[in-house]
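Undergrad: Would you mind keeping the following structure in view while I ask a few things?
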Amino acid sequence: MSKLLLLGYGNPGRGDDALGPLLVEHIAQLQLADVACLVDMQLLIEHAADLTDFDRIIFVDADMSCQEPFEFSAVTAEKDASYTSHALTPAAVLYVYQQIHSHAAPPAFLLRIRGYRFELGDYLSIQAHENLVAAILEIQQWVPQQQ
């Protein structure tokens, strides 16, 4: 069995930006074998250490430009503009992992869930909630098949 890390990030105080953490928190409640769940407000350089001992990584985030209800894509290590900033992209986290460990990070993917409202104090929009439900169903079907 392979170990999977679901890493959801976003700001719950900014409406649909909470989609990543909400998905990961829902999956965490299922207590699936060999699936670890981690939630944070944003990706940080320290998250490179969290990738250790996993066979696969799925980053989960809200996105206002992806297709509805969500998009799923592979992520590769890349030194990008976020590399020296406070908040990193998934590609930059993988790059930091590679620099620390002197070998490639585990295979990684990005699940972007379509969001619409991201202003401070916004609530989760109805459309974003529907997209979240679709993404949760997809992950629930995908995860057991991959174990």
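Residues in the structure tokens are numbered from 1 in each chain, the chains being A, B, ... in the order shown, and ligands are numbered from 1 in the order shown.
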Going by DSSP on the backbone, which bits of range 34-105 of chain A are helix (DSSP H, G or I)? Write them as a PyMOL selection string, please.

TA: chain A and resi 47-50+81-84+90-101

Undergrad: With C-alpha atoms kept, could you save the residues just selected as an mmCIF file, in the first residue's frame?

TA:
```
data_model
loop_
_atom_site.group_PDB
_atom_site.id
_atom_site.type_symbol
_atom_site.label_atom_id
_atom_site.label_comp_id
_atom_site.auth_asym_id
_atom_site.auth_seq_id
_atom_site.Cartn_x
_atom_site.Cartn_y
_atom_site.Cartn_z
ATOM 1 C CA HIS A 47 5.985 21.982 4.057
ATOM 2 C CA ALA A 48 8.834 20.415 2.106
ATOM 3 C CA ALA A 49 9.641 18.455 5.282
ATOM 4 C CA ASP A 50 6.018 17.246 5.491
ATOM 5 C CA ALA A 81 9.123 33.261 -8.360
ATOM 6 C CA SER A 82 7.501 32.011 -5.147
ATOM 7 C CA TYR A 83 10.703 30.175 -4.137
ATOM 8 C CA THR A 84 11.911 33.127 -2.037
ATOM 9 C CA PRO A 90 3.237 23.388 -5.021
ATOM 10 C CA ALA A 91 6.025 23.281 -7.639
ATOM 11 C CA ALA A 92 8.269 25.387 -5.386
ATOM 12 C CA VAL A 93 7.572 23.150 -2.367
ATOM 13 C CA LEU A 94 8.642 20.153 -4.460
ATOM 14 C CA TYR A 95 11.756 22.047 -5.545
ATOM 15 C CA VAL A 96 12.680 22.779 -1.919
ATOM 16 C CA TYR A 97 12.138 19.095 -1.072
ATOM 17 C CA GLN A 98 14.478 18.137 -3.907
ATOM 18 C CA GLN A 99 17.133 20.570 -2.663
ATOM 19 C CA ILE A 100 16.920 19.301 0.913
ATOM 20 C CA HIS A 101 16.906 15.569 0.127
#
```

Undergrad: Fewer than 6 positions away in the same chain doesn't count, so skip those; otherwise give me all residues within 9 Å of range 130-133 of chain A, counting only C-alpha atoms, as a list of chain:residue names.

TA: A:Leu19, A:Gly20, A:Leu22, A:Leu23, A:Glu68, A:Pro69, A:Phe70, A:Ile113, A:Arg114, A:Gly115

Undergrad: Would you list, as JSON, numbers by chain, the residues of chain A that end up in strand (DSSP E) under DSSP run on this structure's backbone?

TA: {"A": [4, 5, 6, 7, 8, 9, 35, 36, 37, 38, 39, 40, 56, 57, 58, 59, 60, 61, 62, 63, 70, 71, 72, 73, 74, 75, 108, 109, 110, 111, 112, 113, 114]}

Undergrad: Could you name the residues that touch Gly13 in chain A at 7 Å or less, counting only C-alpha atoms, but leaving out those on the same chain fewer than 6 positions away, as an NGL selection string?

TA: :A and (120-122)

Undergrad: Which residues, written as a ChimeraX atom specification, have at least one atom at most 8 Å from Ala18 in chain A, with only C-alpha atoms counted and residues fewer than 6 positions away on the same chain left out?

TA: /A:9-12,62,124
